[in-house]
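As structure tokens, the structure follows; a few thoughts come after it.
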Amino acid sequence: LKLPASCYVLEDAHIATSSIFPSIISRHCISYLIPCIPRQIIEACEVWKSSVVLESISADNQDRKPGSSVQVLQRIMKEKGPRAMWSGCSARMVEGCLSGAVLLSSKEAFRKALTSSPVIRKRFAPATIGFVSGACGGACQAIIMTPCSLLVTATAAGVGGGSVVGAARDIWDRKGLTGFYRGSKAVAARQATNWASRQGFTELVRPRIKLGGVPGEVVAGCFGGAVSCWNTPFEVARIHSQTHSFLDRNDNDQASGEEHHTMFETMDGIVKRHGVGGLFAGVGPRIIQSCYQTVFLVTIPRILESS
């Protein structure tokens with residue numbers, strides 16, 4: 001009795017996943033940890049991006065026009081100095097190591113499992129498989145990235161004296177463990193769409209780039225990273241949601257209207273106050289950050305795998 005090919009899809013995926021995970025963890029996670037330290041150079045964009053959104057929140061409270069990204073950067077340099085661009089660096093280091101490992105192991109395992117099935121490989125283009133595997137890998141990151149990104153935003157806002165330990169203690173004392181996962185839906189949506197777009201658009205443009213070799217791969221990665229910033233509204237909603245959480249000094253959550261706002265209600269409020277452009281606050285530094293991360297987490301693993 002011969003079963004149809006579609007019946008072997010799940011079996012093929014299971015075999016591929018069980019055999020791929022060890023090699024993915026040993027090879028791809030190491031490939032991420034190697035550039036982890038120089039990667040912190042670009043993490044100044046995280047503080048810059050968060051500060052731009054925080055500037056818009058501050059402008060709302062003071063009933064004034066928010067400054068541009070360049071003006072925010074100039075103010076940080078003038079008032080706090082260059083070191084302020086790496087506030088929350090320890091939280092970002094932890095996030096970088098753990099979330100990178102989670103992303104690469106899960107994303108590549110999903111991609112390998114999907115491409116190992118003849119049925120899926122025949123019916124779906126590489127770009128589609130890239131979108132799906134990237135979304136799954138990105139969503140897996142949320143459990144680690146939510147508290148870490150919260151601490152980076154909190155230190156940028158000066159919570160707990162601007163230190164990671166002080167901010168963590170402040171949030172824990174007032175909100176408990178759940179306080180660290182404020183905005184988790186926005187983080188999951190951001191990360192899923194982040195890596196679906198970065199992986200998918202990189203796969204989509206790769207065969208269309210005439211430049212061959214490593215330079216062509218890097219150009220494809222930069223393109224995928226830049227285009228993936230269409231989801232900046234999720235990131236802006238995340239920062240707004242988390243900021244209202246750790247700046248709210250009321251123990252009674254009912255006293256804070258922001259506590260019960262959903263992600264889309266937060267976006268709607270931003271549009272009412274700042275227009276659609278308010279959802280893309282800080283998109284400039286985010287494009288730089290996204291291009292860098294896509295090259296390291298999509299392009300380099302593919303180059304290492306092919307070699």
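Each chain in the structure tokens gets a letter, A, B and so on, in the order shown; residues start at 1 in every chain, and ligands are counted from 1 in the order they appear.
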May I have the residues within 12 Å of Cys45 in chain A as a ChimeraX atom specification, using only C-alpha atoms and disregarding those fewer than 5 positions away in the same chain? /A:39-40,50-52,69,72-73,84-87,89,92,152,156,282-293
What does the file look like for those residues with N, CA, C and O atoms, as a tab-separated table (two decimals), in the first residue's frame?
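Here's the written file again16.tsv:
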```
chain	number	residue	atom	x	y	z
A	39	ARG	N	28.80	43.66	17.43
A	39	ARG	CA	27.40	43.96	17.19
A	39	ARG	C	26.91	45.05	18.14
A	39	ARG	O	26.00	45.82	17.81
A	40	GLN	N	27.52	45.14	19.34
A	40	GLN	CA	27.08	46.14	20.30
A	40	GLN	C	27.31	47.56	19.80
A	40	GLN	O	26.71	48.51	20.30
A	50	SER	N	14.70	54.33	20.66
A	50	SER	CA	13.80	54.42	21.82
A	50	SER	C	13.68	55.86	22.30
A	50	SER	O	12.60	56.31	22.69
A	51	SER	N	14.79	56.59	22.26
A	51	SER	CA	14.78	57.99	22.72
A	51	SER	C	13.91	58.87	21.83
A	51	SER	O	13.28	59.81	22.31
A	52	VAL	N	13.87	58.57	20.53
A	52	VAL	CA	13.03	59.34	19.61
A	52	VAL	C	11.56	59.15	19.98
A	52	VAL	O	10.77	60.11	20.00
A	69	SER	N	14.74	63.03	14.79
A	69	SER	CA	15.73	62.03	15.20
A	69	SER	C	17.10	62.66	15.40
A	69	SER	O	17.81	62.33	16.36
A	72	VAL	N	17.15	64.73	18.60
A	72	VAL	CA	17.21	63.86	19.78
A	72	VAL	C	18.64	63.35	19.98
A	72	VAL	O	19.15	63.34	21.11
A	73	LEU	N	19.29	62.94	18.90
A	73	LEU	CA	20.68	62.46	19.00
A	73	LEU	C	21.60	63.57	19.51
A	73	LEU	O	22.46	63.33	20.37
A	84	ALA	N	25.96	57.48	26.94
A	84	ALA	CA	24.53	57.28	27.12
A	84	ALA	C	23.92	56.46	25.98
A	84	ALA	O	22.86	55.86	26.15
A	85	MET	N	24.60	56.43	24.84
A	85	MET	CA	24.10	55.66	23.71
A	85	MET	C	24.17	54.16	23.96
A	85	MET	O	23.58	53.37	23.22
A	86	TRP	N	24.89	53.76	24.99
A	86	TRP	CA	25.00	52.33	25.31
A	86	TRP	C	24.40	52.04	26.68
A	86	TRP	O	24.78	51.07	27.32
A	87	SER	N	23.47	52.87	27.13
A	87	SER	CA	22.78	52.58	28.39
A	87	SER	C	21.96	51.31	28.21
A	87	SER	O	21.34	51.08	27.17
A	89	CYS	N	23.35	48.39	28.13
A	89	CYS	CA	24.14	47.50	27.28
A	89	CYS	C	24.18	46.08	27.81
A	89	CYS	O	24.18	45.12	27.05
A	92	ARG	N	21.18	44.29	26.76
A	92	ARG	CA	21.26	44.00	25.33
A	92	ARG	C	22.23	42.86	25.05
A	92	ARG	O	22.04	42.10	24.10
A	152	VAL	N	16.00	48.16	28.43
A	152	VAL	CA	16.73	49.14	27.62
A	152	VAL	C	15.93	50.44	27.52
A	152	VAL	O	16.47	51.54	27.68
A	156	ALA	N	16.85	54.16	29.19
A	156	ALA	CA	16.87	55.36	28.33
A	156	ALA	C	15.97	56.45	28.89
A	156	ALA	O	16.22	57.64	28.71
A	282	GLY	N	11.47	57.29	14.76
A	282	GLY	CA	12.72	56.54	14.93
A	282	GLY	C	13.01	55.54	13.84
A	282	GLY	O	13.84	54.63	14.03
A	283	VAL	N	12.34	55.67	12.68
A	283	VAL	CA	12.54	54.67	11.62
A	283	VAL	C	13.95	54.75	11.02
A	283	VAL	O	14.49	53.74	10.55
A	284	GLY	N	14.58	55.94	11.06
A	284	GLY	CA	15.93	56.08	10.52
A	284	GLY	C	16.95	55.20	11.21
A	284	GLY	O	17.59	54.35	10.57
A	285	PRO	N	17.13	55.36	12.55
A	285	PRO	CA	18.07	54.47	13.24
A	285	PRO	C	17.65	53.01	13.19
A	285	PRO	O	18.49	52.11	13.23
A	286	ARG	N	16.35	52.76	13.07
A	286	ARG	CA	15.90	51.37	13.01
A	286	ARG	C	16.31	50.70	11.70
A	286	ARG	O	16.61	49.51	11.67
A	287	ILE	N	16.34	51.46	10.60
A	287	ILE	CA	16.77	50.89	9.32
A	287	ILE	C	18.24	50.49	9.40
A	287	ILE	O	18.64	49.42	8.94
A	288	ILE	N	19.07	51.36	10.00
A	288	ILE	CA	20.49	51.03	10.16
A	288	ILE	C	20.66	49.76	10.98
A	288	ILE	O	21.40	48.84	10.62
A	289	GLN	N	19.95	49.69	12.09
A	289	GLN	CA	20.01	48.53	12.97
A	289	GLN	C	19.53	47.27	12.27
A	289	GLN	O	20.14	46.20	12.38
A	290	SER	N	18.45	47.40	11.52
A	290	SER	CA	17.85	46.24	10.85
A	290	SER	C	18.76	45.68	9.76
A	290	SER	O	18.89	44.46	9.62
A	291	CYS	N	19.40	46.56	9.00
A	291	CYS	CA	20.32	46.10	7.95
A	291	CYS	C	21.47	45.32	8.56
A	291	CYS	O	21.87	44.26	8.08
A	292	TYR	N	22.02	45.84	9.64
A	292	TYR	CA	23.15	45.21	10.32
A	292	TYR	C	22.75	43.82	10.84
A	292	TYR	O	23.46	42.83	10.65
A	293	GLN	N	21.60	43.75	11.50
A	293	GLN	CA	21.15	42.49	12.08
A	293	GLN	C	20.82	41.46	11.00
A	293	GLN	O	21.09	40.27	11.17
```
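For the choices A:Ala281, A:Ile144, A:Ala220, A:Ile303, the atom-to-atom distance to Glu95 in chain A is smallest for A:Ile144 when using only C-alpha atoms.
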May I ask which of the residues A:Gln242, A:Ala196, A:Phe234, A:Gly137 is the closest one to Phe180 in chain A, counting only C-alpha atoms?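 Closest candidate: A:Gln242.
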Write out as a count of residues only the set of residues from range 1-242 of chain A that DSSP, computed on the backbone, places in alpha helix (DSSP H). 185
Please compute the CA of Glu55 in chain A-CA of Gly67 in chain A distance, one decimal, in Å.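 Computing the Euclidean distance for CA of Glu55 in chain A and CA of Gly67 in chain A yields 6.9 Å.
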Pick from A:Gly278, A:Gly213, A:Gly269, A:Thr146: nearest to Ile300 in chain A, with only C-alpha atoms counted?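 Checking each of A:Gly278, A:Gly213, A:Gly269, A:Thr146 against Ile300 in chain A, counting only C-alpha atoms, the winner is A:Gly213.
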Fewer than 6 positions away in the same chain doesn't count, so skip those; otherwise give me all residues within 6 Å of range 122-127 of chain A, counting only C-alpha atoms, as a list of chain:residue names. A:Gly200, A:Glu203, A:Leu204
Written file, previous selection with N, CA and C atoms, as a CSV table (one decimal), in the first residue's frame:
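Result file is part-v2.csv:
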```
chain,number,residue,atom,x,y,z
A,200,GLY,N,12.3,36.6,4.3
A,200,GLY,CA,11.5,36.5,3.1
A,200,GLY,C,12.0,37.4,2.0
A,203,GLU,N,15.4,36.4,0.6
A,203,GLU,CA,15.3,35.3,-0.3
A,203,GLU,C,14.7,35.8,-1.6
A,204,LEU,N,13.7,36.7,-1.6
A,204,LEU,CA,13.0,37.2,-2.8
A,204,LEU,C,14.0,37.9,-3.7
```
Name the closest residue to Glu108 in chain A among the candidates A:Val159, A:Trp195, A:Glu43, A:Gly212; distances are taken between atoms, counting only C-alpha atoms. A:Trp195
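Across A:Glu305, A:Trp230, A:Thr153, A:Asp170, the tightest approach to Lys112 in chain A is made by A:Glu305 when counting only C-alpha atoms.
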Closest to Val298 in chain A among A:Gly160, A:Gly81, A:Gly130, A:Gly275, using only C-alpha atoms? A:Gly130
One decimal, in Å: what's the spacing between CA of Trp172 in chain A and CA of Glu46 in chain A?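 Taking CA of Trp172 in chain A as the start and CA of Glu46 in chain A as the end point, the length is 22.9 Å.
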Close residues, Lys107 in chain A itself excluded, 8 Å, only C-alpha atoms, min 2 positions apart in chain, as a ChimeraX atom specification: /A:103-105,109-111,133-138
If you count only C-alpha atoms, which residues fall within 9 Å of Ser163 in chain A, apart from same-chain ones fewer than 3 positions away, as a list in words? Ser87, Gly88, Leu151, Ala154, Thr155, Gly158, Val159, Gly160, Gly166, Ala167 and Ala168 of chain A
Include all heavy atoms and write out the residues we just selected as a compact mmCIF listing (two decimals), in the first residue's frame.
```txt
# COMPACT_ATOMS: atom_id res chain seq x y z
N SER A 87 23.47 52.87 27.13
CA SER A 87 22.78 52.58 28.39
C SER A 87 21.96 51.31 28.21
O SER A 87 21.34 51.08 27.17
CB SER A 87 21.88 53.75 28.79
OG SER A 87 20.88 53.97 27.83
N GLY A 88 21.97 50.47 29.22
CA GLY A 88 21.27 49.19 29.11
C GLY A 88 22.02 48.17 28.29
O GLY A 88 21.45 47.18 27.82
N LEU A 151 13.89 46.78 29.66
CA LEU A 151 14.95 47.35 30.50
C LEU A 151 15.76 48.40 29.73
O LEU A 151 16.17 49.42 30.30
CB LEU A 151 15.87 46.24 31.01
CG LEU A 151 15.25 45.32 32.07
CD1 LEU A 151 16.19 44.16 32.40
CD2 LEU A 151 14.92 46.10 33.33
N ALA A 154 13.62 51.43 29.63
CA ALA A 154 13.54 52.01 30.97
C ALA A 154 14.80 52.79 31.32
O ALA A 154 14.73 53.89 31.88
CB ALA A 154 13.29 50.92 32.01
N THR A 155 15.97 52.25 30.98
CA THR A 155 17.22 52.96 31.28
C THR A 155 17.33 54.23 30.44
O THR A 155 17.84 55.24 30.90
CB THR A 155 18.44 52.06 31.03
OG1 THR A 155 18.39 51.54 29.69
CG2 THR A 155 18.47 50.90 32.02
N GLY A 158 15.52 56.86 32.09
CA GLY A 158 16.06 57.27 33.39
C GLY A 158 15.43 56.57 34.58
O GLY A 158 15.61 56.99 35.72
N VAL A 159 14.69 55.48 34.35
CA VAL A 159 14.08 54.74 35.45
C VAL A 159 15.17 54.04 36.26
O VAL A 159 16.11 53.49 35.70
CB VAL A 159 13.06 53.70 34.92
CG1 VAL A 159 12.48 52.87 36.05
CG2 VAL A 159 11.95 54.41 34.15
N GLY A 160 15.05 54.06 37.58
CA GLY A 160 16.03 53.40 38.43
C GLY A 160 17.40 54.04 38.37
O GLY A 160 18.41 53.35 38.54
N GLY A 166 18.93 48.99 38.67
CA GLY A 166 17.97 49.89 39.31
C GLY A 166 16.61 49.85 38.64
O GLY A 166 15.57 49.83 39.31
N ALA A 167 16.60 49.82 37.30
CA ALA A 167 15.34 49.75 36.56
C ALA A 167 14.63 48.43 36.83
O ALA A 167 13.41 48.39 37.02
CB ALA A 167 15.60 49.92 35.07
N ALA A 168 15.38 47.33 36.84
CA ALA A 168 14.79 46.01 37.10
C ALA A 168 14.19 45.95 38.50
O ALA A 168 13.08 45.42 38.68
CB ALA A 168 15.85 44.93 36.92
```
Report, in Å to a single decimal, how far apart CA of Thr262 in chain A and CA of Met145 in chain A are. 19.1 Å
